[in-house]
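Engineer: This is the structure, below, for whatever I ask next.
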Amino acid sequence: MGNASRLGTVVVSEIDDDPFEVDGEQYLVRELVWNGIDGRSYDLVRFRDNVVLTEDESFDAYPTEVQIAVVLEEHGIDVELETCKMCQKEILLALAHRHGNGWVGSCCWDERLRMTA
């Protein structure tokens, strides 16, 4: 766990984002809050058994969908990427929203688009 007197050595809180599904399995991003520092780290976790897929190295910032895809692919999970028609970023197809003749990622999806879908 670490020496509690040393800053940034003990996780004092874990904040789980909403789970999302890829290839029939649910995953989530878990934010780790460390003692005495403002910095955070982020892990990708398989929801059903709480297995941390980023065990070797957490992300220093909230992971992009491409970073999530890379981790999932490293664990043998089939991942499809698309391009967000609004901002042109690569997005996970499992998290994308169909809109017109394209896909919109969570990066650009909002209530206005939901009403026109």
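Convention: chains lettered A, B, ... in structure tokens order; per-chain residue numbering from 1; ligands numbered from 1 as shown.
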Leaving out A:Gly8 and any residue of its chain fewer than 6 positions from it, which residues lie within 10 Å of it when counting only C-alpha atoms, given as a PyMOL selection string?

Structural biologist: chain A and resi 2+33-40

Engineer: From stretch 20-69 of chain A, collect each residue whose DSSP state is strand (DSSP E or B) and return the set as a VMD selection string.

Structural biologist: chain A and resid 20 to 22 25 to 34 40 to 46 51 to 52 59

Engineer: Just write the chosen residues, N, CA, C and O atoms, as an mmCIF file, in the first residue's frame.

Structural biologist:
```cif
data_model
loop_
_atom_site.group_PDB
_atom_site.id
_atom_site.type_symbol
_atom_site.label_atom_id
_atom_site.label_comp_id
_atom_site.auth_asym_id
_atom_site.auth_seq_id
_atom_site.Cartn_x
_atom_site.Cartn_y
_atom_site.Cartn_z
ATOM 1 N N PHE A 20 -19.651 0.766 -19.198
ATOM 2 C CA PHE A 20 -19.982 0.753 -20.616
ATOM 3 C C PHE A 20 -19.702 -0.646 -21.139
ATOM 4 O O PHE A 20 -18.927 -1.390 -20.552
ATOM 5 N N GLU A 21 -20.360 -1.005 -22.230
ATOM 6 C CA GLU A 21 -20.255 -2.365 -22.749
ATOM 7 C C GLU A 21 -19.452 -2.407 -24.044
ATOM 8 O O GLU A 21 -19.648 -1.587 -24.931
ATOM 9 N N VAL A 22 -18.550 -3.372 -24.107
ATOM 10 C CA VAL A 22 -17.779 -3.647 -25.324
ATOM 11 C C VAL A 22 -17.777 -5.157 -25.515
ATOM 12 O O VAL A 22 -17.394 -5.902 -24.603
ATOM 13 N N GLU A 25 -19.329 -7.383 -22.743
ATOM 14 C CA GLU A 25 -18.774 -7.306 -21.391
ATOM 15 C C GLU A 25 -18.791 -5.855 -20.930
ATOM 16 O O GLU A 25 -18.567 -4.944 -21.729
ATOM 17 N N GLN A 26 -19.040 -5.637 -19.632
ATOM 18 C CA GLN A 26 -19.042 -4.269 -19.104
ATOM 19 C C GLN A 26 -17.690 -3.913 -18.497
ATOM 20 O O GLN A 26 -17.048 -4.748 -17.839
ATOM 21 N N TYR A 27 -17.298 -2.653 -18.732
ATOM 22 C CA TYR A 27 -16.049 -2.094 -18.209
ATOM 23 C C TYR A 27 -16.350 -0.725 -17.626
ATOM 24 O O TYR A 27 -17.386 -0.125 -17.908
ATOM 25 N N LEU A 28 -15.419 -0.215 -16.822
ATOM 26 C CA LEU A 28 -15.558 1.147 -16.317
ATOM 27 C C LEU A 28 -14.183 1.752 -16.109
ATOM 28 O O LEU A 28 -13.182 1.042 -16.019
ATOM 29 N N VAL A 29 -14.158 3.077 -16.048
ATOM 30 C CA VAL A 29 -12.929 3.798 -15.716
ATOM 31 C C VAL A 29 -13.037 4.167 -14.240
ATOM 32 O O VAL A 29 -14.049 4.715 -13.789
ATOM 33 N N ARG A 30 -12.011 3.829 -13.488
ATOM 34 C CA ARG A 30 -11.957 4.111 -12.055
ATOM 35 C C ARG A 30 -10.908 5.192 -11.796
ATOM 36 O O ARG A 30 -9.741 5.043 -12.150
ATOM 37 N N GLU A 31 -11.346 6.277 -11.169
ATOM 38 C CA GLU A 31 -10.443 7.368 -10.793
ATOM 39 C C GLU A 31 -9.886 7.078 -9.403
ATOM 40 O O GLU A 31 -10.638 6.800 -8.469
ATOM 41 N N LEU A 32 -8.563 7.155 -9.264
ATOM 42 C CA LEU A 32 -7.897 6.931 -7.985
ATOM 43 C C LEU A 32 -7.423 8.255 -7.409
ATOM 44 O O LEU A 32 -6.725 9.018 -8.081
ATOM 45 N N VAL A 33 -7.815 8.522 -6.173
ATOM 46 C CA VAL A 33 -7.420 9.742 -5.465
ATOM 47 C C VAL A 33 -6.351 9.337 -4.449
ATOM 48 O O VAL A 33 -6.564 8.434 -3.640
ATOM 49 N N TRP A 34 -5.215 10.029 -4.506
ATOM 50 C CA TRP A 34 -4.069 9.692 -3.666
ATOM 51 C C TRP A 34 -3.940 10.641 -2.480
ATOM 52 O O TRP A 34 -4.349 11.784 -2.553
ATOM 53 N N ARG A 40 -4.304 12.671 -9.963
ATOM 54 C CA ARG A 40 -5.161 11.491 -9.985
ATOM 55 C C ARG A 40 -4.560 10.479 -10.944
ATOM 56 O O ARG A 40 -3.737 10.802 -11.798
ATOM 57 N N SER A 41 -5.001 9.242 -10.816
ATOM 58 C CA SER A 41 -4.684 8.248 -11.829
ATOM 59 C C SER A 41 -5.976 7.508 -12.152
ATOM 60 O O SER A 41 -6.953 7.582 -11.401
ATOM 61 N N TYR A 42 -5.967 6.816 -13.293
ATOM 62 C CA TYR A 42 -7.182 6.209 -13.816
ATOM 63 C C TYR A 42 -6.884 4.793 -14.280
ATOM 64 O O TYR A 42 -5.890 4.559 -14.970
ATOM 65 N N ASP A 43 -7.744 3.870 -13.885
ATOM 66 C CA ASP A 43 -7.615 2.472 -14.287
ATOM 67 C C ASP A 43 -8.823 2.057 -15.105
ATOM 68 O O ASP A 43 -9.922 2.571 -14.915
ATOM 69 N N LEU A 44 -8.620 1.087 -15.975
ATOM 70 C CA LEU A 44 -9.709 0.454 -16.711
ATOM 71 C C LEU A 44 -10.005 -0.858 -16.000
ATOM 72 O O LEU A 44 -9.094 -1.662 -15.761
ATOM 73 N N VAL A 45 -11.281 -1.066 -15.641
ATOM 74 C CA VAL A 45 -11.672 -2.193 -14.801
ATOM 75 C C VAL A 45 -12.786 -2.988 -15.481
ATOM 76 O O VAL A 45 -13.728 -2.400 -16.016
ATOM 77 N N ARG A 46 -12.661 -4.329 -15.454
ATOM 78 C CA ARG A 46 -13.754 -5.181 -15.909
ATOM 79 C C ARG A 46 -14.778 -5.229 -14.775
ATOM 80 O O ARG A 46 -14.461 -5.605 -13.648
ATOM 81 N N VAL A 51 -11.657 -6.808 -12.059
ATOM 82 C CA VAL A 51 -10.272 -6.996 -12.488
ATOM 83 C C VAL A 51 -9.773 -5.710 -13.136
ATOM 84 O O VAL A 51 -10.403 -5.167 -14.048
ATOM 85 N N VAL A 52 -8.626 -5.232 -12.657
ATOM 86 C CA VAL A 52 -8.011 -4.022 -13.198
ATOM 87 C C VAL A 52 -7.177 -4.414 -14.412
ATOM 88 O O VAL A 52 -6.221 -5.181 -14.298
ATOM 89 N N PHE A 59 -3.390 5.240 -16.130
ATOM 90 C CA PHE A 59 -3.322 6.466 -16.917
ATOM 91 C C PHE A 59 -3.148 7.653 -15.981
ATOM 92 O O PHE A 59 -3.722 7.687 -14.897
#
```

Engineer: Just list as a PyMOL selection string whatever in chain A DSSP marks as helix (DSSP H, G or I).

Structural biologist: chain A and resi 65-74+93-95+111-116

Engineer: Go through A:Asp17, A:Asp49, A:Glu65, A:Asp23 one by one, measure the shortest atom-to-atom distance of each to A:Ile91 using only C-alpha atoms, and give the residue with the smallest value.

Structural biologist: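 Smallest separation from A:Ile91 among the options: A:Glu65.
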
Engineer: Set the distance at 12 Å and use only C-alpha atoms: which residues neighbour A:Trp109 once local chain neighbours fewer than 2 positions away are removed? I'd like the list as a list in words.

Structural biologist: Cys84, Lys85, Met86, Cys87, Ile91, Leu95, Ala96, His97, Arg98, His99, Trp103, Val104, Gly105, Ser106, Cys107, Glu111, Arg112, Leu113, Arg114, Met115, Thr116 and Ala117 of chain A

Engineer: I'd like to know which of A:Cys108, A:Leu7, A:Leu53, A:Val12 is closest to A:Gly76, using only C-alpha atoms.

Structural biologist: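 Result for the nearest residue to A:Gly76: A:Leu53.
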
Engineer: Using Å and a single decimal, report how far atom CA of A:Lys89 sits from atom CA of A:Val66.

Structural biologist: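 Atom CA of A:Lys89 lies 9.1 Å from atom CA of A:Val66.
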
Engineer: Compare A:Val79, A:Ile15, A:Val71, A:Ala94 by their minimum atom-to-atom distance to A:Ser58, counting only C-alpha atoms, and give me the closest one.

Structural biologist: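 Comparing A:Val79, A:Ile15, A:Val71, A:Ala94 against A:Ser58, the winner is A:Val71.
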
Engineer: Record the distance separating atom CA of A:Pro63 and atom CA of A:Gly24, expressed in Å with one decimal.

Structural biologist: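 Atom CA of A:Gly24 lies at a distance of 20.8 Å from atom CA of A:Pro63.
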
Engineer: Have a look at atom CA of A:Glu82 and atom CA of A:Gly102 and let me know their distance in Å, one decimal.

Structural biologist: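 Those two atoms sit 9.1 Å apart.
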